[in-house]
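Student: I'm passing along target14.cif; it holds mmCIF, C-alpha atoms.
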data_upload
loop_
_atom_site.group_PDB
_atom_site.id
_atom_site.type_symbol
_atom_site.label_atom_id
_atom_site.label_comp_id
_atom_site.auth_asym_id
_atom_site.auth_seq_id
_atom_site.Cartn_x
_atom_site.Cartn_y
_atom_site.Cartn_z
ATOM 1 C CA MET E 183 98.347 7.273 139.640
ATOM 2 C CA ASN E 184 101.799 5.996 140.427
ATOM 3 C CA ILE E 185 104.604 7.375 138.262
ATOM 4 C CA SER E 186 107.337 5.903 140.404
ATOM 5 C CA SER E 187 107.680 3.131 137.831
ATOM 6 C CA ASN E 188 109.367 5.820 135.706
ATOM 7 C CA ASN E 189 111.663 6.668 138.620
ATOM 8 C CA PHE E 190 109.796 9.918 139.301
ATOM 9 C CA ASN E 191 108.467 10.342 142.829
ATOM 10 C CA SER E 192 106.926 13.742 142.201
ATOM 11 C CA ILE E 193 105.946 16.215 139.529
ATOM 12 C CA GLU E 194 108.915 18.389 140.523
ATOM 13 C CA LEU E 195 111.367 15.562 139.809
ATOM 14 C CA MET E 196 109.679 14.934 136.471
ATOM 15 C CA ARG E 197 109.943 18.652 135.570
ATOM 16 C CA GLU E 198 113.598 18.685 136.536
ATOM 17 C CA GLN E 199 114.309 15.682 134.325
ATOM 18 C CA LEU E 200 112.432 17.297 131.437
ATOM 19 C CA ARG E 201 114.489 20.493 131.890
ATOM 20 C CA LYS E 202 117.715 18.467 131.832
ATOM 21 C CA ASN E 203 116.591 16.665 128.674
ATOM 22 C CA SER E 204 115.664 19.981 127.081
ATOM 23 C CA ASN E 205 119.061 21.483 127.948
ATOM 24 C CA GLN E 206 120.825 18.451 126.480
ATOM 25 C CA LEU E 207 118.842 18.792 123.257
ATOM 26 C CA GLU E 208 119.749 22.482 123.012
ATOM 27 C CA LYS E 209 123.442 21.651 123.486
ATOM 28 C CA GLN E 210 123.244 18.957 120.812
ATOM 29 C CA ASN E 211 121.556 21.385 118.391
ATOM 30 C CA ASP E 212 124.270 23.983 119.068
ATOM 31 C CA GLN E 213 126.925 21.386 118.339
ATOM 32 C CA LEU E 214 125.189 20.407 115.097
ATOM 33 C CA ASP E 215 124.953 24.076 114.054
ATOM 34 C CA ARG E 216 128.654 24.573 114.776
ATOM 35 C CA ALA E 217 129.520 21.367 112.961
ATOM 36 C CA SER E 218 127.485 22.498 109.979
ATOM 37 C CA PHE E 219 129.197 25.901 109.906
ATOM 38 C CA LYS E 220 132.549 24.212 110.449
ATOM 39 C CA SER E 221 131.972 21.823 107.542
ATOM 40 C CA ILE E 222 130.949 24.703 105.270
ATOM 41 C CA LEU E 223 134.012 26.673 106.319
ATOM 42 C CA GLU E 224 136.336 23.706 105.792
ATOM 43 C CA ASN E 225 134.752 22.974 102.421
ATOM 44 C CA THR E 226 135.237 26.582 101.356
ATOM 45 C CA LYS E 227 138.788 26.518 102.696
ATOM 46 C CA SER E 228 139.685 23.388 100.761
ATOM 47 C CA LEU E 229 138.205 24.827 97.583
ATOM 48 C CA THR E 230 140.025 28.137 97.973
ATOM 49 C CA GLU E 231 143.353 26.544 98.827
ATOM 50 C CA SER E 232 143.415 25.105 95.326
ATOM 51 C CA SER E 233 142.806 28.573 93.901
ATOM 52 C CA GLY E 234 144.469 31.877 94.577
ATOM 53 C CA LEU E 235 141.314 33.437 96.045
ATOM 54 C CA LYS E 236 140.831 34.034 99.744
ATOM 55 C CA PHE E 237 137.513 34.556 101.477
ATOM 56 C CA SER E 238 137.167 37.202 104.170
ATOM 57 C CA LYS E 239 135.521 36.350 107.475
ATOM 58 C CA HIS E 240 132.494 38.373 106.353
ATOM 59 C CA ALA E 241 132.282 36.446 103.074
ATOM 60 C CA ASN E 242 132.489 33.107 104.889
ATOM 61 C CA GLU E 243 129.692 34.202 107.224
ATOM 62 C CA ARG E 244 127.552 35.274 104.253
ATOM 63 C CA LEU E 245 128.163 31.992 102.453
ATOM 64 C CA ALA E 246 127.087 30.061 105.536
ATOM 65 C CA SER E 247 124.096 32.245 106.444
ATOM 66 C CA ARG E 248 122.797 32.290 102.868
ATOM 67 C CA ASN E 249 123.446 28.557 102.344
ATOM 68 C CA ILE E 250 125.719 29.144 99.370
ATOM 69 C CA ASP E 251 127.762 26.067 98.513
ATOM 70 C CA LEU E 252 130.242 26.777 95.741
ATOM 71 C CA THR E 253 131.197 24.022 93.367
ATOM 72 C CA LYS E 254 134.737 23.730 92.042
ATOM 73 C CA GLU E 255 133.497 24.958 88.665
ATOM 74 C CA GLN E 256 131.904 28.038 90.216
ATOM 75 C CA LEU E 257 135.058 28.757 92.170
ATOM 76 C CA LEU E 258 137.119 28.496 88.987
ATOM 77 C CA LYS E 259 134.727 30.910 87.236
ATOM 78 C CA LEU E 260 134.986 33.286 90.195
ATOM 79 C CA GLU E 261 138.771 33.165 90.030
ATOM 80 C CA GLU E 262 138.695 33.654 86.252
ATOM 81 C CA GLY E 263 136.356 36.643 86.627
ATOM 82 C CA THR E 264 138.630 38.125 89.286
ATOM 83 C CA ASN E 265 141.635 37.713 86.998
ATOM 84 C CA LYS E 266 139.764 39.374 84.118
ATOM 85 C CA ALA E 267 138.848 42.299 86.372
ATOM 86 C CA LYS E 268 142.429 42.576 87.608
ATOM 87 C CA SER E 269 143.756 42.584 84.038
ATOM 88 C CA LYS E 270 141.496 45.572 83.272
ATOM 89 C CA GLY E 271 142.844 47.509 86.262
ATOM 90 C CA ILE E 272 139.754 47.060 88.441
ATOM 91 C CA ASN E 273 140.394 47.240 92.192
ATOM 92 C CA GLU E 274 136.971 46.318 93.622
ATOM 93 C CA SER E 275 134.810 44.234 91.316
ATOM 94 C CA LEU E 276 131.358 42.741 91.223
ATOM 95 C CA VAL E 277 131.737 39.216 89.818
ATOM 96 C CA ILE E 278 128.552 37.357 88.912
ATOM 97 C CA VAL E 279 128.793 33.577 88.589
ATOM 98 C CA ASP E 280 125.689 31.452 87.928
ATOM 99 C CA GLY E 281 123.366 34.023 89.501
ATOM 100 C CA LEU E 282 125.567 34.467 92.567
ATOM 101 C CA ALA E 283 127.084 37.900 93.117
ATOM 102 C CA PHE E 284 130.471 38.401 94.736
ATOM 103 C CA ILE E 285 132.297 41.581 95.650
ATOM 104 C CA VAL E 286 136.003 40.893 95.182
ATOM 105 C CA SER E 287 139.066 42.926 96.071
ATOM 106 C CA CYS E 288 141.181 42.226 92.995
ATOM 107 C CA LYS E 289 144.355 43.729 94.418
ATOM 108 C CA ASN E 290 144.092 41.517 97.562
ATOM 109 C CA ASN E 291 142.617 38.521 95.700
ATOM 110 C CA THR E 292 139.934 38.365 98.407
ATOM 111 C CA VAL E 293 136.186 37.756 98.185
ATOM 112 C CA ILE E 294 134.606 40.384 100.429
ATOM 113 C CA THR E 295 130.963 39.292 100.357
ATOM 114 C CA ALA E 296 128.511 37.014 98.562
ATOM 115 C CA VAL E 297 124.845 37.483 97.627
ATOM 116 C CA ASN E 298 122.399 34.945 96.203
ATOM 117 C CA ASP E 299 119.006 36.582 96.538
ATOM 118 C CA GLU E 300 117.419 39.047 94.219
ATOM 119 C CA SER E 301 116.452 41.548 96.918
ATOM 120 C CA ASP E 302 120.028 42.855 97.221
ATOM 121 C CA GLN E 303 120.576 44.391 93.816
ATOM 122 C CA VAL E 304 122.488 47.543 94.755
ATOM 123 C CA PHE E 305 126.265 47.300 94.882
ATOM 124 C CA THR E 306 128.417 50.225 95.945
ATOM 125 C CA ASN E 307 132.125 50.992 96.156
ATOM 126 C CA ILE E 308 133.020 48.966 93.070
ATOM 127 C CA ASP E 309 134.835 50.177 89.984
ATOM 128 C CA GLY E 310 133.923 47.369 87.623
ATOM 129 C CA ALA E 311 131.810 44.276 87.053
ATOM 130 C CA VAL E 312 132.409 40.916 85.390
ATOM 131 C CA ILE E 313 129.587 38.551 84.435
ATOM 132 C CA MET E 314 130.699 34.960 83.962
#
Please go through the file and, once you have read it, give me the structure as structure tokens.
Tutor:
Amino acid sequence: MNISSNNFNSIELMREQLRKNSNQLEKQNDQLDRASFKSILENTKSLTESSGLKFSKHANERLASRNIDLTKEQLLKLEEGTNKAKSKGINESLVIVDGLAFIVSCKNNTVITAVNDESDQVFTNIDGAVIM
């Protein structure tokens, strides 16, 4: 069997080429993952720049890891819920919007974390809740 037609003179050269191809694929996948996270982060940034809410690093990581993509309407509801909580004197609030739960620091106008699954149903260190 002659594999030199594929420019491989030995099994070792073929293995080396396969390793290089595998490494290139891993690098491409890493770049796609970063691009995906980057696009989510930029999307969240652009949405929040139009509102007064900020998202903490932790909240941005949770949004990305839990595949939560907020619509403009949801973001407006989140901001409205935060404002309602703030008007009632709440410092740390649970704000529920369309089945998504957010812990928000009302005094800092910052989303601290986000939850979209039903397994996390215990929220601590809050002094109020708003359901939108």
Student: Report as a ChimeraX atom specification the residues that result from applying the PyMOL selection byres ((chain E and resi 241-248) around 9) to the structure here.
Tutor: /E:218-219,222-223,226,237-240,249-252,284,293-299
Student: Which of these residues is nearest to E:Ser275, using only C-alpha atoms: E:Asn307, E:Thr253, E:Gln199, E:Asn205?
Tutor: E:Asn307
Student: Apply the PyMOL selection byres ((chain E and resi 313) around 6) to the file shown and report the selected residues as a list in words.
Tutor: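 Applied to this file, the PyMOL selection byres ((chain E and resi 313) around 6) selects Val277, Ile278, Val312 and Met314 of chain E.
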Student: Carefully work through the PyMOL selection byres ((chain E and resi 287-292) around 10) for this structure and note down the residues it includes, as a list in words.
Tutor: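 Applying the PyMOL selection byres ((chain E and resi 287-292) around 10) to the structure shown produces Gly234, Leu235, Lys236, Phe237, Ser238, Ala241, Glu261, Gly263, Thr264, Asn265, Lys266, Ala267, Lys268, Ser269, Gly271, Ile272, Asn273, Glu274, Ser275, Leu276, Phe284, Ile285, Val286, Val293, Ile294, Thr295 and Ile308 of chain E.
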Student: Convert the current residue selection to file output with C-alpha atoms, as a short mmCIF file (atom, residue, chain, number, x, y, z; two decimals), in the coordinates of the input.
Tutor:
data_model
loop_
_atom_site.label_atom_id
_atom_site.label_comp_id
_atom_site.auth_asym_id
_atom_site.auth_seq_id
_atom_site.Cartn_x
_atom_site.Cartn_y
_atom_site.Cartn_z
CA GLY E 234 144.47 31.88 94.58
CA LEU E 235 141.31 33.44 96.04
CA LYS E 236 140.83 34.03 99.74
CA PHE E 237 137.51 34.56 101.48
CA SER E 238 137.17 37.20 104.17
CA ALA E 241 132.28 36.45 103.07
CA GLU E 261 138.77 33.16 90.03
CA GLY E 263 136.36 36.64 86.63
CA THR E 264 138.63 38.12 89.29
CA ASN E 265 141.64 37.71 87.00
CA LYS E 266 139.76 39.37 84.12
CA ALA E 267 138.85 42.30 86.37
CA LYS E 268 142.43 42.58 87.61
CA SER E 269 143.76 42.58 84.04
CA GLY E 271 142.84 47.51 86.26
CA ILE E 272 139.75 47.06 88.44
CA ASN E 273 140.39 47.24 92.19
CA GLU E 274 136.97 46.32 93.62
CA SER E 275 134.81 44.23 91.32
CA LEU E 276 131.36 42.74 91.22
CA PHE E 284 130.47 38.40 94.74
CA ILE E 285 132.30 41.58 95.65
CA VAL E 286 136.00 40.89 95.18
CA VAL E 293 136.19 37.76 98.18
CA ILE E 294 134.61 40.38 100.43
CA THR E 295 130.96 39.29 100.36
CA ILE E 308 133.02 48.97 93.07
#
Student: Work out where the centre of an axis-aligned box around every listed atom of stretch 247-264 of chain E lies and how long its edges are once 4 Å is added on each side; give both in Å to one decimal as JSON.
Tutor:
{"center_x": 130.8, "center_y": 30.9, "center_z": 96.3, "size_x": 24.0, "size_y": 22.4, "size_z": 28.2}
Student: Figure out the distance between atom CA of E:Leu258 and atom CA of E:Val304, please, to one decimal in Å.
Tutor: 24.7 Å
Student: Please indicate the distance in Å from atom CA of E:Phe305 to atom CA of E:Ala283, rounded to one decimal place.
Tutor: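 Those two atoms sit 9.6 Å apart.
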Student: Quote the spacing between atom CA of E:Asp280 and atom CA of E:Gln303 in Å to one decimal place.
Tutor: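 Atom CA of E:Asp280 sits 15.1 Å away from atom CA of E:Gln303.
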